[in-house]
Amino acid sequence: MNLPLIIFFAAFVAMFILRIPIGMGMMMSAIFYFMASPAPTATVDMVATMFLTNMNSSFVLIAVPLFIFMAEIMNSSKVTNIIFDFASALVGKKRGALAQVNIVNSIIFSGMTGSAIADASGPGNMEMKAMHDAGYEDGFTCAVTAASATEGPIIPPSIPMVFYSMLSGTSVGALFMGGVVPGLILGLTMMAYVAVIAVKRDFPRGKSYPLKQFIVLFLKSIPALLTVVVLLGGIYTGIVTPTEAGALAATWALLISVFFYRAFSWKELKQVLINTVKSTGTLSFLVGSAYAFSYIVAIEHIPDAVATLLMGMTTNKYVMLFIVNIAFLILGMFIDTMAITLVFIPMILPVMRSMGVDLVHFGVVIVLNMMIGLSTPPFGMLLFVTSGLTGAKLKDIIREMLPFIFLFIGVLFLLTYVPDIILWLPKMSGYKP
């Protein structure tokens with residue numbers, strides 16, 4: 001290891017210890033590396049040019065602010081309440097109905113937001129208040145909300161999948177299709193667990209909806225549900241690209257919120273735009289920092305070193321997938337999802353390619369793996385979000401969260417070793433592994 005590389009790693013580790021935001025940490029580490037390199041000025045100029053070129057040429061990244069805009073619209077209008085009422089009518093009088101509604105609502109909203117945090121802080125906030133008022137324990141309420149929010153980036157659209165596509169060169173459409181069945185399996189698994197717990201703890205039942213009221217709620221929810229059809233239908237039929245589908249779906253969400261549900265004032269629209277710009281700016285800085293970081297990783301041949309190390313451990317791809325899953329589950333306990341995506345995935349992709357692992361299959365698996373990290377102590381972001389919204393103690397949330405985590409890991413390894421669960425829909429649409 002040369003001196004600039006030692007400084008680079010030391011700075012990066014220091015950024016983690018000091019809890020500096022990941023984008024700033026990657027950029028500062030890169031700057032320290034360039035300052036210590038033999039020709040710092042030329043190198044910095046070259047990376048700056050590369051940064052601008054890559055940012056301008058990455059058409060797929062335009063989908064990210066569009067998905068953020070769509071999520072902000074859905075979370076700030078009456079759509080959240082309408083979907084919640086429809087989910088309640090679907091679940092009906094079952095024991096533990098509100099916990100089941102929480103999961104069903106997240107499955108529906110997953111097709112509109114693409115973000116676990118947006119799900120937990122938007123619809124999740126309303127769901128937790130309803131469960132609290134109905135007498136559910138706060139620890140369980142937060143745990144089921146955090147668990148169901150992991151659906152957000154699995155069922156398309158998915159912001160993490162867009163970033164993975166950028167890094168791996170895989171089709172965004174194929175990744176989106178690959179996430180549908182795993183997302184539904186995850187949802188059904190959670191619902192089965194909640195059904196068992198509901199009987200054991202004697203959770204309150206939901207209310208029964210007459211057929212006429214159910215039909216009214218369904219008809220009111222149709223425009224919102226069509227957002228998913230506009231987004232995914234456009235992609236799956238090949239009429240539009242994922243980025244163009246994001247633009248169409250965001251426009252549709254705005255139109256129905258303003259003209260059909262009449263849920264928006266100019267003040268609310270202004271706040272939606274401000275929130276979208278803030279989130280987009282943060283992610284854009286992350287991407288720019290990642291390009292500089294990845295450039296250093298590439299010229300220092302770090303992926304080659306990682307590949308040599310791992311290939312020295314095993315040449316069996318199934319054993320390798322097990323090792324990688326365990327490594328990423330551990331990383332998820334301590335490191336932010338975006339850090340894992342932008343720093344560690346580029347290092348592991350060459351290994352997956354060399355072993356013949358399908359990158360769409362691996363992409364869905366690794367996104368689920370990272371989403372588990374969002375709910376895993378000690379630094380699971382969803383734990384802190386739900387605790388902050390309700391005031392529940394972290395220890396109570398973690399205790400209730402552990403069974404969900406074990407279920408998630410079971411689904412993770414099922415998807416890892418039965419790739420056709422993920423690849424079935426992409427193959428139906430013409431994807432060739």
# chains A, B, ... in the order shown; residues from 1 in each chain; ligands from 1
>>> select_by_dssp(residues="stretch 144-303 of chain A", states="alpha helix (DSSP H)", output="ChimeraX atom specification")
/A:144-149,159-168,172-201,211-236,242-255,266-299,302-303
>>> closest_residue(among="A:Ser158, A:Asn75, A:Ser294, A:Ser110", to="A:Met27", atoms="only C-alpha atoms")
A:Ser294
>>> closest_residue(among="A:Val365, A:Ile82, A:Leu402, A:Leu342", to="A:Leu219", atoms="only C-alpha atoms")
A:Ile82
>>> atom_distance(atom1="atom CA of A:Ile185", atom2="atom CA of A:Thr150")
12.5 Å
>>> closest_residue(among="A:Asp420, A:Asp119, A:Asp396, A:Asp358", to="A:Glu137", atoms="only C-alpha atoms")
A:Asp396
>>> closest_residue(among="A:Met128, A:Ile83, A:Leu186, A:Ile107", to="A:Leu389", atoms="only C-alpha atoms")
A:Met128
>>> residues_around(residues="A:Thr315", least_positions_apart="4", cutoff="12 Å", atoms="only C-alpha atoms", output="PyMOL selection string")
chain A and resi 307-311+319-321+323+351-352+354-356
>>> residues_around(residues="A:Pro4", least_positions_apart="6", cutoff="6 Å", atoms="only C-alpha atoms", output="PyMOL selection string")
chain A and resi 33+36-37
>>> closest_residue(among="A:Ile397, A:Ile335, A:Val287, A:Val272", to="A:Val13", atoms="only C-alpha atoms")
A:Ile335
>>> decode(residues="stretch 64-88 of chain A", atoms="N, CA and C atoms", output="PDB file, in the first residue's frame")
ATOM      1  N   VAL A  64     -34.473   9.193 -10.252  1.00  0.00           N
ATOM      2  CA  VAL A  64     -34.448   9.331  -8.791  1.00  0.00           C
ATOM      3  C   VAL A  64     -35.243  10.546  -8.306  1.00  0.00           C
ATOM      4  N   PRO A  65     -34.968  11.780  -8.797  1.00  0.00           N
ATOM      5  CA  PRO A  65     -35.787  12.909  -8.328  1.00  0.00           C
ATOM      6  C   PRO A  65     -37.259  12.772  -8.693  1.00  0.00           C
ATOM      7  N   LEU A  66     -37.550  12.082  -9.787  1.00  0.00           N
ATOM      8  CA  LEU A  66     -38.951  11.879 -10.168  1.00  0.00           C
ATOM      9  C   LEU A  66     -39.659  10.967  -9.167  1.00  0.00           C
ATOM     10  N   PHE A  67     -38.982   9.901  -8.734  1.00  0.00           N
ATOM     11  CA  PHE A  67     -39.556   9.017  -7.723  1.00  0.00           C
ATOM     12  C   PHE A  67     -39.701   9.744  -6.387  1.00  0.00           C
ATOM     13  N   ILE A  68     -38.724  10.574  -6.052  1.00  0.00           N
ATOM     14  CA  ILE A  68     -38.800  11.343  -4.810  1.00  0.00           C
ATOM     15  C   ILE A  68     -39.978  12.308  -4.855  1.00  0.00           C
ATOM     16  N   PHE A  69     -40.146  12.983  -5.997  1.00  0.00           N
ATOM     17  CA  PHE A  69     -41.255  13.920  -6.176  1.00  0.00           C
ATOM     18  C   PHE A  69     -42.595  13.203  -6.031  1.00  0.00           C
ATOM     19  N   MET A  70     -42.708  12.029  -6.653  1.00  0.00           N
ATOM     20  CA  MET A  70     -43.947  11.251  -6.574  1.00  0.00           C
ATOM     21  C   MET A  70     -44.237  10.848  -5.130  1.00  0.00           C
ATOM     22  N   ALA A  71     -43.205  10.407  -4.397  1.00  0.00           N
ATOM     23  CA  ALA A  71     -43.388  10.008  -3.000  1.00  0.00           C
ATOM     24  C   ALA A  71     -43.817  11.194  -2.139  1.00  0.00           C
ATOM     25  N   GLU A  72     -43.219  12.354  -2.373  1.00  0.00           N
ATOM     26  CA  GLU A  72     -43.572  13.549  -1.605  1.00  0.00           C
ATOM     27  C   GLU A  72     -45.034  13.936  -1.839  1.00  0.00           C
ATOM     28  N   ILE A  73     -45.475  13.838  -3.089  1.00  0.00           N
ATOM     29  CA  ILE A  73     -46.874  14.158  -3.408  1.00  0.00           C
ATOM     30  C   ILE A  73     -47.812  13.210  -2.674  1.00  0.00           C
ATOM     31  N   MET A  74     -47.526  11.905  -2.749  1.00  0.00           N
ATOM     32  CA  MET A  74     -48.399  10.914  -2.138  1.00  0.00           C
ATOM     33  C   MET A  74     -48.445  11.068  -0.617  1.00  0.00           C
ATOM     34  N   ASN A  75     -47.320  11.404  -0.016  1.00  0.00           N
ATOM     35  CA  ASN A  75     -47.258  11.503   1.438  1.00  0.00           C
ATOM     36  C   ASN A  75     -47.853  12.797   1.976  1.00  0.00           C
ATOM     37  N   SER A  76     -48.037  13.790   1.116  1.00  0.00           N
ATOM     38  CA  SER A  76     -48.509  15.083   1.607  1.00  0.00           C
ATOM     39  C   SER A  76     -49.956  15.367   1.226  1.00  0.00           C
ATOM     40  N   SER A  77     -50.600  14.452   0.558  1.00  0.00           N
ATOM     41  CA  SER A  77     -51.979  14.681   0.137  1.00  0.00           C
ATOM     42  C   SER A  77     -52.919  13.674   0.806  1.00  0.00           C
ATOM     43  N   LYS A  78     -54.213  13.760   0.459  1.00  0.00           N
ATOM     44  CA  LYS A  78     -55.201  12.861   1.037  1.00  0.00           C
ATOM     45  C   LYS A  78     -55.059  11.434   0.527  1.00  0.00           C
ATOM     46  N   VAL A  79     -54.167  11.212  -0.426  1.00  0.00           N
ATOM     47  CA  VAL A  79     -53.985   9.869  -0.981  1.00  0.00           C
ATOM     48  C   VAL A  79     -53.619   8.873   0.116  1.00  0.00           C
ATOM     49  N   THR A  80     -52.787   9.315   1.068  1.00  0.00           N
ATOM     50  CA  THR A  80     -52.377   8.443   2.165  1.00  0.00           C
ATOM     51  C   THR A  80     -53.589   7.930   2.929  1.00  0.00           C
ATOM     52  N   ASN A  81     -54.513   8.820   3.262  1.00  0.00           N
ATOM     53  CA  ASN A  81     -55.718   8.421   4.005  1.00  0.00           C
ATOM     54  C   ASN A  81     -56.612   7.509   3.179  1.00  0.00           C
ATOM     55  N   ILE A  82     -56.731   7.806   1.899  1.00  0.00           N
ATOM     56  CA  ILE A  82     -57.606   7.011   1.034  1.00  0.00           C
ATOM     57  C   ILE A  82     -57.084   5.587   0.889  1.00  0.00           C
ATOM     58  N   ILE A  83     -55.768   5.435   0.675  1.00  0.00           N
ATOM     59  CA  ILE A  83     -55.182   4.100   0.563  1.00  0.00           C
ATOM     60  C   ILE A  83     -55.289   3.350   1.885  1.00  0.00           C
ATOM     61  N   PHE A  84     -55.129   4.063   2.992  1.00  0.00           N
ATOM     62  CA  PHE A  84     -55.259   3.443   4.313  1.00  0.00           C
ATOM     63  C   PHE A  84     -56.677   2.891   4.511  1.00  0.00           C
ATOM     64  N   ASP A  85     -57.676   3.685   4.150  1.00  0.00           N
ATOM     65  CA  ASP A  85     -59.063   3.225   4.284  1.00  0.00           C
ATOM     66  C   ASP A  85     -59.336   2.020   3.395  1.00  0.00           C
ATOM     67  N   PHE A  86     -58.799   2.035   2.182  1.00  0.00           N
ATOM     68  CA  PHE A  86     -58.993   0.911   1.269  1.00  0.00           C
ATOM     69  C   PHE A  86     -58.315  -0.346   1.818  1.00  0.00           C
ATOM     70  N   ALA A  87     -57.086  -0.197   2.356  1.00  0.00           N
ATOM     71  CA  ALA A  87     -56.384  -1.340   2.945  1.00  0.00           C
ATOM     72  C   ALA A  87     -57.158  -1.891   4.136  1.00  0.00           C
ATOM     73  N   SER A  88     -57.759  -1.008   4.933  1.00  0.00           N
ATOM     74  CA  SER A  88     -58.572  -1.443   6.077  1.00  0.00           C
ATOM     75  C   SER A  88     -59.772  -2.256   5.616  1.00  0.00           C
TER      76      SER A  88
END
